[in-house]
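Have a look at coords37.json below; it lists JSON, C-alpha atoms and all ligand atoms.
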[["chain", "number", "residue", "atom", "x", "y", "z"],
["A", 24, "MET", "CA", 17.51, -6.15, 21.70],
["A", 25, "GLN", "CA", 16.12, -8.07, 18.72],
["A", 26, "GLN", "CA", 12.62, -7.96, 20.14],
["A", 27, "ASP", "CA", 12.83, -4.20, 20.70],
["A", 28, "LEU", "CA", 13.48, -3.67, 17.02],
["A", 29, "LEU", "CA", 10.56, -5.91, 16.05],
["A", 30, "ILE", "CA", 8.30, -3.93, 18.37],
["A", 31, "ILE", "CA", 9.46, -0.72, 16.67],
["A", 32, "PHE", "CA", 8.69, -2.27, 13.27],
["A", 33, "ALA", "CA", 5.24, -3.31, 14.53],
["A", 34, "ALA", "CA", 4.59, 0.20, 15.90],
["A", 35, "VAL", "CA", 5.67, 1.84, 12.62],
["A", 36, "TRP", "CA", 3.50, -0.59, 10.72],
["A", 37, "LEU", "CA", 0.45, 0.02, 12.92],
["A", 38, "GLY", "CA", 0.94, 3.79, 12.75],
["A", 39, "MET", "CA", 1.11, 3.66, 8.97],
["A", 40, "ALA", "CA", -1.96, 1.42, 8.73],
["A", 41, "LEU", "CA", -3.91, 3.82, 10.93],
["A", 42, "GLY", "CA", -2.61, 6.86, 9.04],
["A", 43, "SER", "CA", -3.52, 5.32, 5.70],
["A", 44, "PHE", "CA", -7.01, 4.47, 6.94],
["A", 45, "MET", "CA", -7.58, 8.04, 8.15],
["A", 46, "LEU", "CA", -6.10, 9.57, 5.00],
["A", 47, "PHE", "CA", -7.28, 7.26, 2.21],
["A", 48, "HIS", "CA", -10.63, 6.06, 3.57],
["A", 49, "ARG", "CA", -11.82, 8.95, 5.71],
["A", 50, "GLY", "CA", -10.19, 11.89, 3.92],
["A", 51, "LYS", "CA", -11.95, 13.87, 1.17],
["A", 52, "ASP", "CA", -8.96, 15.40, -0.63],
["A", 53, "VAL", "CA", -8.70, 13.36, -3.86],
["A", 54, "ALA", "CA", -5.67, 15.24, -5.24],
["A", 55, "LYS", "CA", -3.74, 14.66, -2.04],
["A", 56, "LYS", "CA", -4.73, 10.98, -1.96],
["A", 57, "ARG", "CA", -3.56, 10.42, -5.55],
["A", 58, "LYS", "CA", -0.26, 12.13, -4.78],
["A", 59, "LEU", "CA", 0.38, 10.31, -1.51],
["A", 60, "TRP", "CA", -0.84, 6.83, -2.49],
["A", 61, "PRO", "CA", 2.30, 5.76, -4.44],
["A", 62, "VAL", "CA", 4.52, 7.27, -1.72],
["A", 63, "TYR", "CA", 2.63, 5.44, 1.01],
["A", 64, "THR", "CA", 2.61, 2.12, -0.90],
["A", 65, "ILE", "CA", 6.36, 2.28, -1.60],
["A", 66, "VAL", "CA", 7.24, 3.28, 1.97],
["A", 67, "SER", "CA", 5.09, 0.54, 3.50],
["A", 68, "ASN", "CA", 6.68, -2.07, 1.21],
["A", 69, "VAL", "CA", 10.14, -0.79, 2.10],
["A", 70, "VAL", "CA", 9.22, -1.34, 5.77],
["A", 71, "ILE", "CA", 8.19, -4.93, 4.96],
["A", 72, "ALA", "CA", 11.40, -5.42, 2.96],
["A", 73, "ALA", "CA", 13.41, -4.11, 5.93],
["A", 74, "VAL", "CA", 11.69, -6.65, 8.20],
["A", 75, "ILE", "CA", 12.45, -9.46, 5.72],
["A", 76, "VAL", "CA", 16.12, -8.45, 5.53],
["A", 77, "TYR", "CA", 16.24, -8.10, 9.31],
["A", 78, "MET", "CA", 14.82, -11.59, 9.83],
["A", 79, "GLN", "CA", 17.75, -12.89, 7.76],
["A", 80, "PRO", "CA", 16.05, -15.70, 5.86],
["A", 81, "PRO", "CA", 18.21, -17.88, 3.57],
["A", 82, "PHE", "CA", 19.73, -15.63, 0.93],
["A", 83, "THR", "CA", 17.90, -17.06, -2.09],
["A", 84, "MET", "CA", 14.57, -16.91, -0.24],
["A", 85, "MET", "CA", 15.25, -13.28, 0.69],
["A", 86, "LEU", "CA", 16.09, -12.39, -2.91],
["A", 87, "GLY", "CA", 12.95, -14.18, -4.11],
["A", 88, "LEU", "CA", 10.72, -12.35, -1.63],
["A", 89, "LEU", "CA", 12.24, -8.96, -2.43],
["A", 90, "ALA", "CA", 12.04, -9.59, -6.18],
["A", 91, "PHE", "CA", 8.39, -10.53, -5.73],
["A", 92, "MET", "CA", 7.64, -7.33, -3.82],
["A", 93, "VAL", "CA", 8.68, -4.95, -6.61],
["A", 94, "PRO", "CA", 5.94, -5.92, -9.11],
["A", 95, "LEU", "CA", 3.51, -6.33, -6.22],
["A", 96, "THR", "CA", 4.15, -2.75, -5.10],
["A", 97, "TRP", "CA", 3.69, -1.49, -8.64],
["A", 98, "LEU", "CA", 0.46, -3.47, -9.07],
["A", 99, "THR", "CA", -0.89, -2.19, -5.75],
["A", 100, "ILE", "CA", -0.30, 1.39, -6.89],
["A", 101, "ARG", "CA", -1.78, 0.73, -10.33],
["A", 102, "SER", "CA", -4.85, -1.19, -9.19],
["A", 103, "THR", "CA", -6.06, 1.52, -6.81],
["A", 104, "ARG", "CA", -8.09, 4.46, -8.09],
["A", 105, "PHE", "CA", -9.65, 7.34, -6.20],
["A", 106, "CYS", "CA", -13.12, 8.55, -7.16],
["A", 107, "ASP", "CA", -13.56, 12.18, -8.28],
["A", 108, "ALA", "CA", -17.12, 12.30, -6.98],
["A", 109, "CYS", "CA", -16.80, 10.82, -3.50],
["A", 110, "ALA", "CA", -13.01, 10.44, -2.98],
["A", 111, "HIS", "CA", -13.51, 6.77, -2.11],
["A", 112, "PRO", "CA", -10.66, 4.40, -3.01],
["A", 113, "SER", "CA", -11.54, 1.56, -5.40],
["A", 114, "ARG", "CA", -9.28, -1.41, -5.73],
["A", 115, "SER", "CA", -9.23, -4.24, -8.22],
["A", 116, "PRO", "CA", -7.76, -7.63, -7.35],
["A", 117, "PHE", "CA", -4.09, -8.07, -8.16],
["A", 118, "PHE", "CA", -3.09, -8.82, -11.76],
["A", 119, "MET", "CA", -6.33, -7.40, -13.10],
["A", 120, "LYS", "CA", -7.15, -4.16, -14.87],
["A", 121, "PRO", "CA", -7.69, -1.11, -12.66],
["A", 122, "PRO", "CA", -11.35, -0.59, -11.69],
["A", 123, "SER", "CA", -13.40, 1.53, -14.10],
["A", 124, "THR", "CA", -16.25, 2.44, -11.77],
["A", 125, "CYS", "CA", -16.26, 3.57, -8.15],
["A", 126, "SER", "CA", -17.00, 0.74, -5.72],
["A", 127, "HIS", "CA", -18.77, 3.23, -3.48],
["A", 128, "CYS", "CA", -20.94, 5.50, -5.67],
["A", 129, "LYS", "CA", -20.68, 3.58, -9.04],
["A", 130, "LYS", "CA", -19.61, 6.68, -10.97],
["A", 131, "PRO", "CA", -17.00, 6.09, -13.72],
["A", 132, "LEU", "CA", -13.37, 6.58, -12.68],
["A", 133, "HIS", "CA", -10.85, 8.52, -14.73],
["B", 1, "ZN", "ZN", -17.31, 7.36, -5.84]]

Do you think you could lay out the structure here as structure tokens?
Amino acid sequence: MQQDLLIIFAAVWLGMALGSFMLFHRGKDVAKKRKLWPVYTIVSNVVIAAVIVYMQPPFTMMLGLLAFMVPLTWLTIRSTRFCDACAHPSRSPFFMKPPSTCSHCKKPLH
């Protein structure tokens, strides 16, 4: 029973990873990407949070992990920009300013 649920989590996770690759890396619709990126990031982190809660770690550890995920989710959303010219996603490392030029075509990002 427990394993079944973990397999479902893994399947959801894989499906979302594949969907995000197709949408955010292969897709050309910048407006749609910008709209869906925060939604996708939040949903995928909620899935991770659900797995953490499900694994039932010690309570303080669980709280620490979940508290850590909130700023991480926000930073992931903030540090990713989509290029107007080529629709390519550009990401800066965590805790740094968002990228100012496209990593793909080097045009400035807005
Ligand atoms: Zn570009």

Take atom CA of Leu29 of chain A and atom CA of Ala72 of chain A and report the distance between them in Å, one decimal.
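We find that atom CA of Leu29 of chain A and atom CA of Ala72 of chain A lie 13.1 Å from each other.
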
Can you pull out every residue within 8 Å of Thr96 of chain A, counting all atoms listed in the file, but drop anything in the same chain fewer than 2 positions away, and send it as a compact mmCIF listing (two decimals) with C-alpha atoms, in the frame of the given file?
# COMPACT_ATOMS: atom_id res chain seq x y z
CA THR A 64 2.61 2.12 -0.90
CA ILE A 65 6.36 2.28 -1.60
CA ASN A 68 6.68 -2.07 1.21
CA MET A 92 7.64 -7.33 -3.82
CA VAL A 93 8.68 -4.95 -6.61
CA PRO A 94 5.94 -5.92 -9.11
CA LEU A 98 0.46 -3.47 -9.07
CA THR A 99 -0.89 -2.19 -5.75
CA ILE A 100 -0.30 1.39 -6.89

Which residues are near ligand ZN 1 (chain B) - at most 7 Å, using all atoms listed in the file? Format: as a list in words.
Cys106, Asp107, Ala108, Cys109, Ala110, His111, Cys125, Ser126, His127, Cys128, Lys129 and Lys130 of chain A

From the list A:Ala90, A:Ala73, A:Gly42, A:Arg104, which residue is nearest Thr124 of chain A when using only C-alpha atoms?
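The closest residue to Thr124 of chain A is A:Arg104.
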
Using atom CA of Val69 of chain A and atom CA of Ile30 of chain A as the two end points, give the distance in Å to one decimal.
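Pair atom CA of Val69 of chain A / atom CA of Ile30 of chain A returns 16.7 Å.
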
Selected residue, from A:Ser102, A:Ser43, A:Gln79, A:Ser123, that lies nearest to Tyr63 of chain A when counting only C-alpha atoms:
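Among the listed residues, A:Ser43 lies closest to Tyr63 of chain A.
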